[in-house]
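The data block below is start.txt; it holds compact mmCIF, C-alpha atoms.
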# COMPACT_ATOMS: atom_id res chain seq x y z
CA MET A 46 -13.80 10.83 10.55
CA ALA A 47 -14.46 7.57 8.74
CA TYR A 48 -18.06 6.65 7.94
CA ILE A 49 -17.84 3.40 9.89
CA ASN A 50 -16.46 2.64 13.31
CA VAL A 51 -12.79 1.95 12.60
CA GLU A 52 -9.92 2.46 15.02
CA GLU A 53 -9.08 6.17 15.42
CA GLY A 54 -5.76 7.43 14.07
CA ILE A 55 -5.04 4.43 11.82
CA PRO A 56 -4.69 5.78 8.29
CA GLY A 57 -6.34 4.78 5.02
CA ILE A 58 -6.76 1.19 3.98
CA ARG A 59 -5.05 -0.12 7.14
CA SER A 60 -8.00 1.00 9.24
CA LEU A 61 -10.46 -0.68 6.84
CA VAL A 62 -8.71 -4.05 6.63
CA LEU A 63 -8.45 -4.12 10.42
CA PHE A 64 -12.22 -3.63 10.51
CA ARG A 65 -12.79 -6.57 8.14
CA PRO A 66 -9.67 -8.81 7.97
CA GLU A 67 -11.47 -11.51 5.93
CA THR A 68 -11.63 -9.19 2.94
CA GLY A 69 -8.43 -7.41 3.98
CA LYS A 70 -6.35 -10.55 3.48
CA PRO A 71 -7.08 -11.02 -0.26
CA LEU A 72 -6.76 -7.24 -0.80
CA TYR A 73 -3.24 -7.23 0.68
CA ASP A 74 -2.39 -10.49 -1.11
CA LEU A 75 -3.45 -8.90 -4.40
CA ALA A 76 -1.33 -5.81 -3.75
CA GLN A 77 1.64 -8.01 -2.87
CA VAL A 78 1.46 -10.23 -5.96
CA LEU A 79 0.67 -7.34 -8.33
CA LEU A 80 3.25 -4.88 -7.02
CA ARG A 81 5.96 -7.19 -5.60
CA GLY A 82 5.44 -10.51 -7.37
CA SER A 83 7.11 -11.52 -10.63
CA SER A 84 6.44 -9.17 -13.54
CA PRO A 85 8.50 -7.86 -16.44
CA LEU A 86 7.72 -4.40 -15.04
CA SER A 87 10.00 -3.26 -12.23
CA GLU A 88 8.56 -2.65 -8.76
CA ALA A 89 9.29 1.06 -9.27
CA GLU A 90 7.32 1.12 -12.52
CA ARG A 91 4.40 -0.72 -10.95
CA GLU A 92 4.27 1.64 -7.97
CA LEU A 93 4.39 4.57 -10.38
CA ILE A 94 1.35 3.23 -12.28
CA ALA A 95 -0.44 2.85 -8.93
CA ALA A 96 0.44 6.40 -7.87
CA TYR A 97 -0.56 7.80 -11.26
CA VAL A 98 -3.99 6.13 -11.25
CA SER A 99 -4.56 7.17 -7.63
CA HIS A 100 -3.65 10.72 -8.60
CA ARG A 101 -6.21 10.67 -11.40
CA ASN A 102 -8.79 9.26 -9.00
CA ASP A 103 -7.97 12.13 -6.65
CA CYS A 104 -7.20 9.68 -3.84
CA MET A 105 -4.77 11.60 -1.66
CA PHE A 106 -3.92 8.66 0.62
CA CYS A 107 -3.10 6.14 -2.10
CA MET A 108 -1.40 8.70 -4.33
CA SER A 109 0.88 9.99 -1.54
CA SER A 110 1.78 6.57 -0.18
CA HIS A 111 2.43 4.86 -3.53
CA ALA A 112 4.31 7.90 -4.83
CA ALA A 113 6.50 7.66 -1.73
CA ALA A 114 7.10 3.95 -2.37
CA ALA A 115 7.90 4.69 -6.04
CA ARG A 116 10.39 7.43 -5.05
CA CYS A 117 12.19 4.96 -2.76
CA LEU A 118 12.32 2.36 -5.53
CA TYR A 119 13.48 4.79 -8.23
CA GLY A 120 16.31 5.97 -5.95
CA GLU A 121 18.41 8.55 -7.81
CA GLU A 122 15.77 8.80 -10.51
CA LYS A 123 13.03 9.64 -8.05
CA ASN A 124 12.28 12.94 -9.81
CA LEU A 125 10.57 10.88 -12.51
CA VAL A 126 7.73 10.18 -10.09
CA ASP A 127 6.93 13.85 -9.56
CA GLU A 128 7.38 14.61 -13.25
CA VAL A 129 4.85 11.93 -14.19
CA LEU A 130 2.36 13.12 -11.57
CA GLN A 131 2.74 16.67 -12.85
CA ASP A 132 2.58 15.98 -16.58
CA MET A 133 3.10 12.44 -17.78
CA GLN A 134 3.64 13.33 -21.46
CA LEU A 135 6.29 15.94 -20.68
CA SER A 136 8.12 13.72 -18.17
CA ASN A 137 11.46 12.02 -18.87
CA ILE A 138 10.00 8.53 -18.44
CA SER A 139 10.61 6.01 -21.26
CA ASP A 140 8.31 5.87 -24.28
CA LYS A 141 7.24 2.40 -23.24
CA MET A 142 6.16 3.65 -19.82
CA LYS A 143 4.37 6.61 -21.42
CA ALA A 144 2.36 4.21 -23.56
CA LEU A 145 1.58 1.99 -20.55
CA LEU A 146 0.62 4.97 -18.38
CA ASN A 147 -1.65 6.09 -21.21
CA ILE A 148 -3.39 2.69 -21.04
CA ALA A 149 -3.63 3.01 -17.24
CA ARG A 150 -5.16 6.47 -17.68
CA LYS A 151 -7.80 5.01 -20.02
CA VAL A 152 -8.57 2.13 -17.65
CA GLN A 153 -9.00 4.66 -14.83
CA VAL A 154 -11.81 6.27 -16.84
CA LEU A 155 -13.37 2.94 -17.91
CA GLY A 156 -12.22 -0.36 -19.42
CA LYS A 157 -13.79 0.33 -22.79
CA GLU A 158 -11.73 3.49 -23.24
CA VAL A 159 -8.68 1.37 -24.10
CA THR A 160 -8.44 1.13 -27.89
CA PRO A 161 -6.48 -1.22 -30.18
CA GLU A 162 -4.40 1.86 -31.11
CA ASP A 163 -3.37 2.29 -27.46
CA ILE A 164 -2.21 -1.34 -27.42
CA VAL A 165 -0.30 -0.93 -30.71
CA ALA A 166 1.42 2.17 -29.32
CA ALA A 167 2.51 0.20 -26.23
CA LYS A 168 3.84 -2.61 -28.41
CA ILE A 169 5.77 -0.18 -30.62
CA GLY A 170 7.22 1.23 -27.40
CA GLY A 171 8.45 -2.28 -26.60
CA ALA A 172 5.77 -3.54 -24.18
CA ASP A 173 4.78 -7.21 -24.30
CA ASP A 174 1.43 -8.84 -23.51
CA ARG A 175 2.36 -9.48 -19.90
CA GLU A 176 3.31 -5.86 -19.30
CA ILE A 177 0.04 -4.70 -20.83
CA HIS A 178 -1.90 -7.18 -18.69
CA ASP A 179 -0.15 -6.10 -15.51
CA THR A 180 -0.69 -2.43 -16.32
CA VAL A 181 -4.42 -2.95 -16.92
CA LEU A 182 -4.83 -4.92 -13.70
CA ILE A 183 -2.83 -2.46 -11.59
CA ALA A 184 -4.96 0.41 -12.96
CA ALA A 185 -8.16 -1.60 -12.41
CA SER A 186 -7.21 -2.62 -8.87
CA PHE A 187 -6.39 0.96 -7.91
CA SER A 188 -9.77 1.97 -9.25
CA MET A 189 -10.97 -0.33 -6.47
CA PHE A 190 -8.49 0.56 -3.70
CA ASN A 191 -9.05 4.31 -4.24
CA ARG A 192 -12.83 3.94 -4.03
CA TYR A 193 -12.59 1.75 -0.95
CA VAL A 194 -10.36 4.25 0.87
CA ASP A 195 -12.36 7.37 -0.06
CA GLY A 196 -15.82 5.76 -0.20
CA LEU A 197 -15.60 5.10 3.54
CA ALA A 198 -13.82 8.41 4.22
CA SER A 199 -10.88 6.70 5.94
CA PHE A 200 -8.34 8.87 7.75
CA THR A 201 -5.93 10.62 5.36
CA PRO A 202 -2.80 12.06 7.02
CA THR A 203 -1.63 15.38 5.56
CA ASP A 204 1.99 15.41 6.82
CA PRO A 205 4.35 14.41 3.94
CA ALA A 206 6.80 12.90 6.46
CA VAL A 207 4.17 10.31 7.40
CA TYR A 208 4.01 9.15 3.78
CA GLU A 209 7.78 9.05 3.45
CA GLU A 210 7.92 6.56 6.31
CA MET A 211 4.97 4.65 4.86
CA GLY A 212 6.72 4.43 1.49
CA LYS A 213 9.83 2.90 3.08
CA ARG A 214 7.68 0.28 4.79
CA MET A 215 5.71 -0.47 1.61
CA VAL A 216 8.91 -1.18 -0.33
CA LYS A 217 9.39 -4.23 1.91
CA GLY A 218 6.04 -5.63 0.84
CA TYR A 219 2.36 -5.78 1.70
CA THR A 220 1.28 -7.91 4.64
CA LEU A 221 -2.03 -7.65 6.41
CA PRO A 222 -1.65 -5.51 9.55
CA GLN A 223 -2.44 -7.39 12.74
CA GLN A 224 -5.04 -6.29 15.23
CA THR A 225 -3.50 -4.96 18.44
CA ASN A 226 -5.24 -3.86 21.59
CA THR A 227 -3.17 -0.73 21.82
CA VAL A 228 -3.48 2.19 19.48
CA SER A 229 -0.17 2.38 17.62
CA MET B 194 -10.89 -10.06 -29.92
CA PRO B 195 -8.95 -9.50 -26.70
CA HIS B 196 -6.23 -6.82 -26.79
CA ILE B 197 -3.58 -9.41 -25.86
CA ASN B 198 -3.20 -13.16 -26.44
CA LEU B 199 -4.82 -14.65 -23.34
CA LYS B 200 -4.03 -18.20 -24.51
CA ASN B 201 -7.44 -19.70 -23.69
CA ASP B 202 -11.02 -19.70 -24.97
CA LEU B 203 -12.81 -18.78 -21.75
CA PRO B 204 -15.08 -15.72 -21.76
CA GLY B 205 -14.86 -12.48 -19.78
CA ILE B 206 -12.94 -12.27 -16.55
CA ARG B 207 -12.42 -16.03 -16.63
CA SER B 208 -10.00 -15.69 -19.55
CA ALA B 209 -7.99 -12.89 -17.91
CA MET B 210 -7.78 -14.82 -14.64
CA ALA B 211 -6.76 -18.06 -16.39
CA TYR B 212 -4.00 -16.10 -18.14
CA SER B 213 -2.71 -14.85 -14.79
CA PRO B 214 -3.55 -17.35 -12.02
CA LYS B 215 -1.20 -15.76 -9.48
CA THR B 216 -3.10 -12.48 -9.48
CA ALA B 217 -6.39 -14.33 -9.95
CA ALA B 218 -6.05 -16.27 -6.70
CA PRO B 219 -6.65 -13.35 -4.29
CA MET B 220 -9.31 -11.90 -6.61
CA GLY B 221 -11.18 -15.21 -6.46
CA VAL B 222 -10.96 -15.27 -2.66
CA LEU B 223 -12.19 -11.68 -2.51
CA ALA B 224 -15.18 -12.44 -4.76
CA GLU B 225 -16.08 -15.50 -2.69
CA ILE B 226 -16.19 -13.58 0.60
CA LEU B 227 -17.80 -10.43 -0.79
CA LEU B 228 -20.51 -12.13 -2.81
CA ARG B 229 -21.28 -15.29 -0.89
CA SER B 230 -20.91 -14.27 2.74
CA ASN B 231 -24.05 -14.57 4.82
CA LYS B 232 -22.75 -12.06 7.35
CA GLY B 233 -25.26 -9.21 7.17
CA LEU B 234 -26.27 -8.85 3.53
CA ALA B 235 -27.69 -11.89 1.74
CA PRO B 236 -25.89 -13.28 -1.32
CA ALA B 237 -28.81 -12.09 -3.51
CA GLU B 238 -28.35 -8.52 -2.25
CA ARG B 239 -24.60 -8.71 -2.81
CA GLU B 240 -25.06 -9.94 -6.37
CA LEU B 241 -27.63 -7.21 -7.09
CA ILE B 242 -25.09 -4.58 -6.04
CA GLY B 243 -22.47 -6.24 -8.29
CA MET B 244 -24.92 -6.41 -11.19
CA TYR B 245 -25.96 -2.78 -10.77
CA VAL B 246 -22.42 -1.37 -10.59
CA SER B 247 -21.44 -3.46 -13.64
CA TYR B 248 -24.43 -2.05 -15.49
CA LEU B 249 -23.39 1.51 -14.58
CA ASN B 250 -19.85 0.69 -15.76
CA ASP B 251 -21.35 -0.55 -19.04
CA CYS B 252 -19.67 -3.93 -18.60
CA PHE B 253 -21.85 -6.31 -20.59
CA TYR B 254 -20.22 -9.53 -19.37
CA CYS B 255 -20.30 -8.75 -15.62
CA HIS B 256 -23.72 -7.10 -15.78
CA HIS B 257 -25.36 -10.16 -17.32
CA SER B 258 -23.33 -12.74 -15.41
CA HIS B 259 -24.15 -11.27 -12.00
CA GLY B 260 -27.73 -10.50 -12.99
CA GLU B 261 -28.23 -14.20 -13.69
CA ILE B 262 -26.52 -15.28 -10.48
CA ALA B 263 -28.77 -12.88 -8.50
CA CYS B 264 -31.73 -14.35 -10.37
CA ILE B 265 -30.90 -17.85 -9.10
CA TYR B 266 -30.73 -16.65 -5.48
CA LEU B 267 -34.07 -14.87 -6.05
CA ASP B 268 -35.72 -18.15 -7.08
CA GLY B 269 -35.76 -17.16 -10.73
CA ASP B 270 -37.28 -13.69 -10.29
CA ARG B 271 -35.60 -12.13 -13.33
CA GLU B 272 -38.21 -9.37 -13.33
CA LEU B 273 -36.94 -8.12 -9.97
CA VAL B 274 -33.35 -8.04 -11.24
CA GLU B 275 -34.56 -6.02 -14.22
CA GLN B 276 -36.52 -3.61 -11.99
CA VAL B 277 -33.45 -2.99 -9.83
CA ARG B 278 -31.35 -2.28 -12.91
CA LYS B 279 -33.93 0.09 -14.45
CA ASP B 280 -34.88 2.03 -11.32
CA TYR B 281 -34.06 0.43 -7.98
CA ASN B 282 -36.01 3.13 -6.14
CA LYS B 283 -39.23 1.79 -7.63
CA ALA B 284 -38.31 -1.89 -7.21
CA PRO B 285 -39.99 -3.94 -4.46
CA ILE B 286 -36.85 -4.26 -2.35
CA PRO B 287 -36.20 -3.16 1.26
CA ASP B 288 -35.31 0.49 1.90
CA LYS B 289 -32.02 -0.69 3.39
CA LEU B 290 -30.96 -2.22 0.08
CA LYS B 291 -32.14 0.89 -1.80
CA SER B 292 -29.92 3.12 0.32
CA LEU B 293 -26.98 0.73 -0.11
CA LEU B 294 -27.49 0.74 -3.89
CA ALA B 295 -27.45 4.55 -3.72
CA ILE B 296 -24.07 4.37 -1.96
CA ALA B 297 -22.80 1.82 -4.51
CA ALA B 298 -23.82 4.13 -7.36
CA LYS B 299 -21.83 6.95 -5.74
CA VAL B 300 -18.79 4.70 -5.30
CA GLN B 301 -19.04 3.82 -8.99
CA GLN B 302 -18.53 7.52 -9.81
CA GLY B 303 -15.69 7.89 -7.31
CA GLY B 304 -15.12 7.30 -3.60
CA LYS B 305 -15.47 10.96 -2.70
CA PHE B 306 -19.00 11.10 -4.09
CA VAL B 307 -20.29 9.21 -1.03
CA THR B 308 -21.59 11.72 1.52
CA ALA B 309 -22.21 11.49 5.26
CA GLU B 310 -25.93 11.92 4.43
CA ASP B 311 -25.88 8.84 2.16
CA VAL B 312 -24.39 6.81 5.01
CA GLU B 313 -26.80 8.29 7.56
CA ARG B 314 -29.78 7.35 5.41
CA ALA B 315 -28.52 3.77 5.08
CA ARG B 316 -28.16 3.60 8.85
CA GLU B 317 -31.69 4.93 9.39
CA ASN B 318 -32.89 2.14 7.12
CA GLY B 319 -31.19 -0.44 9.29
CA ALA B 320 -27.78 -0.89 7.66
CA THR B 321 -24.95 -1.83 10.01
CA ASP B 322 -21.34 -0.71 9.69
CA MET B 323 -20.58 -4.12 8.17
CA ASP B 324 -23.37 -3.72 5.58
CA ILE B 325 -22.07 -0.26 4.62
CA HIS B 326 -18.50 -1.56 4.48
CA ASP B 327 -19.47 -4.48 2.26
CA ALA B 328 -21.64 -2.37 -0.06
CA VAL B 329 -18.74 0.06 -0.60
CA LEU B 330 -16.21 -2.72 -1.13
CA ILE B 331 -18.48 -4.69 -3.48
CA ALA B 332 -19.01 -1.55 -5.56
CA ALA B 333 -15.28 -0.76 -5.51
CA ALA B 334 -14.36 -4.36 -6.40
CA PHE B 335 -16.67 -4.30 -9.41
CA CYS B 336 -14.99 -1.09 -10.54
CA MET B 337 -11.89 -3.30 -10.69
CA PHE B 338 -13.47 -6.45 -12.19
CA ASN B 339 -15.32 -4.43 -14.86
CA ARG B 340 -12.16 -2.56 -15.88
CA TYR B 341 -10.13 -5.77 -15.99
CA VAL B 342 -12.73 -7.40 -18.25
CA ASP B 343 -13.18 -4.48 -20.66
CA GLY B 344 -9.69 -3.01 -20.41
CA LEU B 345 -8.35 -6.22 -21.99
CA ALA B 346 -11.37 -6.47 -24.33
CA THR B 347 -12.13 -10.02 -23.20
CA THR B 348 -14.87 -11.76 -25.16
CA ALA B 349 -18.44 -11.64 -23.84
CA PRO B 350 -20.78 -14.38 -25.09
CA THR B 351 -23.56 -12.91 -27.21
CA ASP B 352 -25.63 -16.08 -26.86
CA MET B 353 -27.66 -15.02 -23.83
CA SER B 354 -28.64 -18.61 -23.00
CA SER B 355 -25.04 -19.22 -21.84
CA TYR B 356 -25.33 -16.84 -18.87
CA PRO B 357 -27.92 -18.81 -16.83
CA LEU B 358 -25.88 -21.99 -17.35
CA ARG B 359 -22.73 -20.40 -16.07
CA ALA B 360 -24.66 -18.71 -13.23
CA LYS B 361 -25.84 -22.11 -12.06
CA GLN B 362 -22.20 -23.26 -11.86
CA VAL B 363 -21.30 -20.25 -9.74
CA ALA B 364 -24.31 -20.68 -7.44
CA GLU B 365 -23.32 -24.31 -6.89
CA ASN B 366 -19.53 -24.07 -6.67
CA GLY B 367 -18.85 -20.46 -5.74
CA TYR B 368 -15.98 -18.26 -6.88
CA GLY B 369 -12.38 -18.77 -5.77
CA SER B 370 -10.29 -20.73 -8.27
CA HIS B 371 -13.49 -22.11 -9.84
CA ILE B 372 -13.74 -18.82 -11.74
CA TYR B 373 -10.79 -19.68 -13.95
CA THR B 374 -10.59 -23.46 -13.69
CA ALA B 375 -14.19 -24.61 -14.23
CA ARG B 376 -15.09 -25.61 -17.77
CA GLN B 377 -17.49 -23.33 -19.59
CA PRO B 378 -20.91 -25.05 -19.59
CA ALA B 379 -22.06 -26.10 -23.04
This structure in structure tokens:
Amino acid sequence: MAYINVEEGIPGIRSLVLFRPETGKPLYDLAQVLLRGSSPLSEAERELIAAYVSHRNDCMFCMSSHAAAARCLYGEEKNLVDEVLQDMQLSNISDKMKALLNIARKVQVLGKEVTPEDIVAAKIGGADDREIHDTVLIAASFSMFNRYVDGLASFTPTDPAVYEEMGKRMVKGYTLPQQTNTVS
Amino acid sequence: MPHINLKNDLPGIRSAMAYSPKTAAPMGVLAEILLRSNKGLAPAERELIGMYVSYLNDCFYCHHSHGEIACIYLDGDRELVEQVRKDYNKAPIPDKLKSLLAIAAKVQQGGKFVTAEDVERARENGATDMDIHDAVLIAAAFCMFNRYVDGLATTAPTDMSSYPLRAKQVAENGYGSHIYTARQPA
């Protein structure tokens, strides 16, 4: 059970933003612009970075839901998502994405872990400044989302089918859930 | 030098946000509500939590920026800010804030570090659900802001006299788009 009095049965961050919509709105707006707005990184790549950071933060809810969204977006290449979550270096993802995921992995530990060599490696892999920026901010923001979700012990479903449905919904975008009087 | 060309001379998070105003907009709104809301926790308490988490994350720019902003709300009591940073348990602050700082320090390590006992203790000291929510989200948000600032190696002013000047701007105008549009005070 969550540490604060949120609506029963509503999973993860949804329950928290319904508790405090004033902060929920900019959180969802940030997710929308970062993961669905314009970026040289594809939506699939951005969701994969989110899932990877959530995995490293051991945040089951965010990892499962963003991995599900990434699988939807990768379509026939969806195996890449599970390969990266299992062992990023051994996965069949592009060298550019490996270098960006390496930066995300460093950011997950702490900002200062990112070295000029990591940036050079990403540039050699073909990443530009914007892609590096977006990777750093996605990794940083999931270092927030993950802590928010787990720091308040929000409800984490365990049924994979629940996340599959969630992933399909997330592909359409992030909009603040509306308060209803009935438990959905 | 920043890891990428941010195309401006602003320091810290201001340079990253000016580089990317579309992502900066919701971050500015979030900071404004989380740090300047009067609902429950006072702005001084909110800034102290932000300062402390930034200190734990070894983020020089955020630690000193938010320490100075807290100092303004505390009528210039820099000593108190320093006591909280060094050992908040010994600082002359309410037990409620001490137990919320304890939760924030756990969040800094990872969300799962927060225990039911931590939350129970905060409640016994008078914290409401909203206070606990805000303490967790402020701590989590600074785990983002700090990583954004240092992950791009933005520049942090080494002239310490610049921090109180900038803090005064924030105390007067707030966050929001001011973060990346206001001119750096000379």
request  = Please identify every residue of chain A that has at least one atom no more than 9 Å from any atom of chain B, counting all atoms listed in the file, and report them as a ChimeraX atom specification.
outcome  = /A:48-50,61,64-65,67-76,78-79,82,102-104,148,151-161,164,173-175,177-178,181-182,184-198
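The space separating CA of Cys107 (chain A) from CA of Thr180 (chain A) comes to 16.8 Å.
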Among the residues B:Cys255, B:Leu267, B:Leu290, B:Met244, the one that comes closest to Arg316 (chain B) [using all atoms listed in the file] =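 Answer, going by the shortest atom-to-atom distance: B:Leu290.
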inquiry  = What does the structure give for the distance between CA of Ser139 (chain A) and CA of Met215 (chain A), in Å to one decimal?
reply    = 24.3 Å
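The coordinates place CA of Ile58 (chain A) at 26.3 Å from CA of Asn124 (chain A).
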message = I'd like the contact shell of region 165-168 of chain A - 7 Å cut-off, all atoms listed in the file, skipping same-chain residues fewer than 3 positions apart - returned as a list in words.
response = Lys141, Ala144, Leu145, Pro161, Glu162, Gly171, Ala172 and Asp173 of chain A
inquiry  = My list of candidates is A:Ala115, A:Met108, A:Leu93, A:Leu221. Which is closest to Arg59 (chain A) when distances are computed with all atoms listed in the file?
reply    =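 Smallest distance to Arg59 (chain A) is found for A:Leu221.
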task = List the neighbours of Arg91 (chain A) out to 10 Å using only C-alpha atoms; skip same-chain residues closer than 2 positions along the sequence, and give me the result as a PyMOL selection string.
result = chain A and resi 79-81+84-89+93-97+111+115+176+179-180+183-184
Interface rows for region 220-248 of chain B against region 258-261 of chain B: nearest pair, Å to one decimal, 7 Å, all atoms listed in the file, as JSON lines:
{"residue": "B:Glu240", "atom": "CA", "partner": "B:His259", "partner_atom": "CA", "distance": 5.9}
{"residue": "B:Leu241", "atom": "CA", "partner": "B:Gly260", "partner_atom": "CA", "distance": 6.8}
{"residue": "B:Gly243", "atom": "CA", "partner": "B:His259", "partner_atom": "CA", "distance": 6.5}
{"residue": "B:Met244", "atom": "CA", "partner": "B:His259", "partner_atom": "CA", "distance": 5.0}
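Of the residues listed (A:Arg101, A:Glu92, A:Gln77, A:Tyr208), A:Gln77 shows the shortest atom-to-atom separation from Thr220 (chain A); distances use all atoms listed in the file.
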query = When distances are computed from only C-alpha atoms, which of B:Ile206, B:Leu228, B:Ile262, B:Ala284 shows the smallest separation from Arg359 (chain B)?
reply =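 Closest to Arg359 (chain B) of all the choices is B:Ile262.
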